[in-house]
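A.B. asks: Starting off with a structure, shown below.
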Amino acid sequence: MLEIDFEKENKAILQEYKELLRISYQTLTAEDKKLIRKAFDVAVDAHKDQRRKSGEAYIFHPIAVAKIVASEIGLGATAIAAALMHDVVEDTPIMIEDIERMFNPKVAQLVEGLTKISKVQKEMNVSMQAENFRKMILTLNDDVRVILIKIADRLHNMQTMDAMESSKQVKLASETLYIYAPLAHRLGLYKIKNKLEDLGLKYTEPEVYNEILSKIKETKEEQDAYIETISDVLKKNLDAEGIDYIIKGRPKSIYSIRRKMLAQGVSFDEVFDKFALRIVYKSTPHEEKFLAWKIYSIVTDHYRPSPSRLRDWISSPKSTGYEALHITVMGPKGRWVEVQVRSERMDEIAEKGYAAHYKYKNGASEEGGLDAWLNLLKEALENSETNAVDFVEDFKMNLYSKEIYVFTPKGEIKSLPKGATSLDFAFSIHSEIGIRTRGTRVNGKLVPLNHELKSGDQIEIITSQYQKPTINWLDYVTTSRAKNKIKNVLNENTKKIAEEGKEILTRKLKHLKITLSESVINEMVNFFKLKTSLDLFYRVGVGAIENQQLKDYATQKSNTFINFFKSKIKRSPSPANVDIHKQVLSSNYDMLVFGADQDKLDYKLSSCCNPIPGDEVFGFITINEGIKVHKKDCPNAISLQSNYAYRIIFAKWIDSSQQEFKAILYITGMDTLGLTNKLTKVISDNMNVNIQSISLSGEAGIFNGQISVIVQNNTILKKLIDNIKKIDGIDKVTREYKN
């Protein structure tokens with residue numbers, strides 16, 4: 001048994017506490033210090049019998065988290081006190097009520113928020129790991145500092161998990177890369193984001209991490225000498241201009257080097273800009289911008305800049321508040337070097353994110369800035385009803401996406417995620433404008449709704465009161481705000497048409513001497529091979545189910561003695577009682593699709609739970625056997641989803657007859673008069689076929705055509721091909737298969 005020198009340990013604990021007060025970013029008043037001391041005493045007493053896996057006293061962990069909160073994130077006394085006590089309620093007999101009694105309600109609220117997150121992460125009866133993250137993200141609505149303290153907690157855990165078993169290390173590291181690093185990025189904590197990413201890589205891909213680390217160490221001396229060569233030239237010229245500054249060499253993070261190696265398919269030595277310099281200058285607010293461009297001028301006088309790699313985040317700051325000039329220049333020996341130019345204020349905002357941002361906004365208090373900051377994150381929280389996996393994926397996409405800056409017709413600037421379309425822009429102005437968008441002009445030119453925007457574009461939206469979103473619009477947008485609004489409108493429209501359809505169906509069935517009832521709806525859903533009652537009413541509402549088809553149903557019904565017998569014994573409820581929103585399911589589930597885009601992928605059904613069509617399922621990406629499909633209530637589901645969240649893929653059974661597929665047909669023949677008219681007539685006469693695009697050409701009497709059509713299934717496509725072949729002059733009709 002290891003002997004513990006308690007006196008030495010207590011001295012070390014006290015030393016850490018003093019260090020915490022010394023390094024605090026915010027100026028602490030006597031009242032603040034009293035609050036922090038009280039929280040420290042409560043935490044020391046509560047954790048006195050606890051030790052970490054490494055053997056050290058547990059209290060070192062909350063103090064370390066509080067130090068990150070105080071210096072690296074830069075929060076004030078309330079958050080520091082909450083960080084010191086973040087594990088007290090979860091791990092010791094102390095209750096939230098006790099903290100509320102001893103401290104102010106704000107401290108108690110933060111500790112409660114942190115306890116909720118810990119409980120969520122330890123619950124083992126959740127169906128998806130993503131659900132944990134969703135609940136955690138939704139606590140942002142309470143107070144963003146809960147998440148900031150949680151990020152600090154995760155950073156310290158990642159820094160001290162060598163004593164853990166490797167499976168737990170991989171689980172924590174995967175979660176960190178999956179959600180905590182993107183959150184830190186979105187909250188402007190770039191330094192912490194880099195640390196989290198590097199530590200995440202260290203435990204998920206140790207060989208890769210160690211290889212890059214050793215190469216960085218190998219080249220460190222050469223790198224330092226190289227940076228010094230450039231620094232010396234710049235210093236001489238900056239001094240001559242009387243600028244007050246410091247120059248720092250900035251090593252690229254291991255994770256960002258790895259990302260570039262993968263993205264560009266290059267080796268470590270070929271990575272574009274491993275060398276980086278940061279010039280941080282002193283300035284009054286009035287001169288800040290002028291000095292930045294003066295320094296830019298000095299840098300580019302001596303080193304040739306890459307015009308495509310200039311990033312001006314001073315004129316248009318990132319939505320996280322980040323401001324800087326990034327210039328990539330050609331240094332000695334033909335190597336690219338990134339030079340970042342920031343004022344001291346900008347540097348603080350880049351390092352501290354949230355806290356510094358509000359320090360410079362008229363000395364706003366820690367609480368004062370919360371509402372404004374939360375507005376930046378509310379968008380991803382708008383639709384918390386969706387599937388948890390989709391929610392987290394969507395949220396992540398919005399967290400990590402790079403930004404572009406575009407203009408309204410009046411010249412106002414708007415920031416959007418990279419990859420956003422002109423329709424996304426319409427929804428970012430106002431959801432009502434988005435819904436009524438008929439067309440868009442970019443830089444004065446009419447463009448499709450799915451036109452991808454670039455920084456500097458000026459967009460004009462053309463609206464019409466008669467315009468309504470269609471299902472295709474979901475493919476035209478990338479932002480969660482636009483997707484959620486479109487889905488809501490489509491659902492409302494569907495329900496509205498379905499309600500009208502229900503009334504029409506009741507009336508039409510009356511003529512056929514049939515009363516609409518639950519059992520009749522069930523029969524009709526199966527008869528028309530639909531999935532739900534909503535589908536049935538909707539199709540009647542839009543006229544997709546015709547009178548003749550209803551007559552066919554009535555004939556089939558009257559011929560079935562059992563159905564007739566049942567209808568006599570069972571009194572049917574009146575039509576008014578039939579709930580059109582109740583999903584009456586058919587059993588025609590015959591196809592598995594994966595992911596948010598409902599892709600068709602190769603899979604195997606798992607033998608531990610033997611899922612069958614219609615079961616609620618999820619996909620698990622195995623190392624050697626591809627995707628294995630498990631039931632959501634499979635005995636192994638919880639351990640798979642908790643331990644391997646990053647290998648879970650959303651899956652569901654669908655009715656393939658209700659799916660729409662794209663097919664491309666190649667047609668050749670003799671170019672006879674009126675062939676094009678005949679061809680388009682045949683296609684439009686085929687029910688349930690939509691032409692997506694058509695390209696026809698004739699040369700020296702030979703006709704060539706390429707037609708892209710949307711069909712529901714193979715039977716319809718075969719019928720269409722047969723009908724095209726019957727046209728006089730057509731030689732061949734072939735379908736293109738893409739590998």
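Following the order of the structure tokens, first chain is A, next is B, and so on, with residues numbered from 1 inside each chain and ligands from 1 in the order they appear.
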If you run DSSP on the backbone here, which positions in region 219-256 of chain A get helix (DSSP H, G or I)? Please write them as a list in words.

C.D. replies: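 Everything in region 219-256 of chain A that counts as helix (DSSP H, G or I) is Lys220, Glu221, Glu222, Gln223, Asp224, Ala225, Tyr226, Ile227, Glu228, Thr229, Ile230, Ser231, Asp232, Val233, Leu234, Lys235, Lys236, Asn237, Leu238, Asp239, Ala240, Ile254, Tyr255 and Ser256 of chain A.
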
A.B. asks: So, counting only C-alpha atoms, which residue among A:Arg101, A:Lys551, A:Arg154, A:Arg309 is closest to Lys510 (chain A)?

C.D. replies: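 For Lys510 (chain A), the nearest of the candidates is A:Lys551.
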
A.B. asks: Between A:Leu75, A:Ala43, A:Ile710, A:Val280, single out the one closest to Asp91 (chain A), counting only C-alpha atoms.

C.D. replies: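 Among the listed residues, A:Ala43 lies closest to Asp91 (chain A).
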
A.B. asks: Looking at only C-alpha atoms, which of A:Thr160, A:Lys252, A:Glu241, A:Lys725 is the one that sits closest to Leu213 (chain A)?

C.D. replies: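 The answer is A:Lys252, which sits nearest to Leu213 (chain A).
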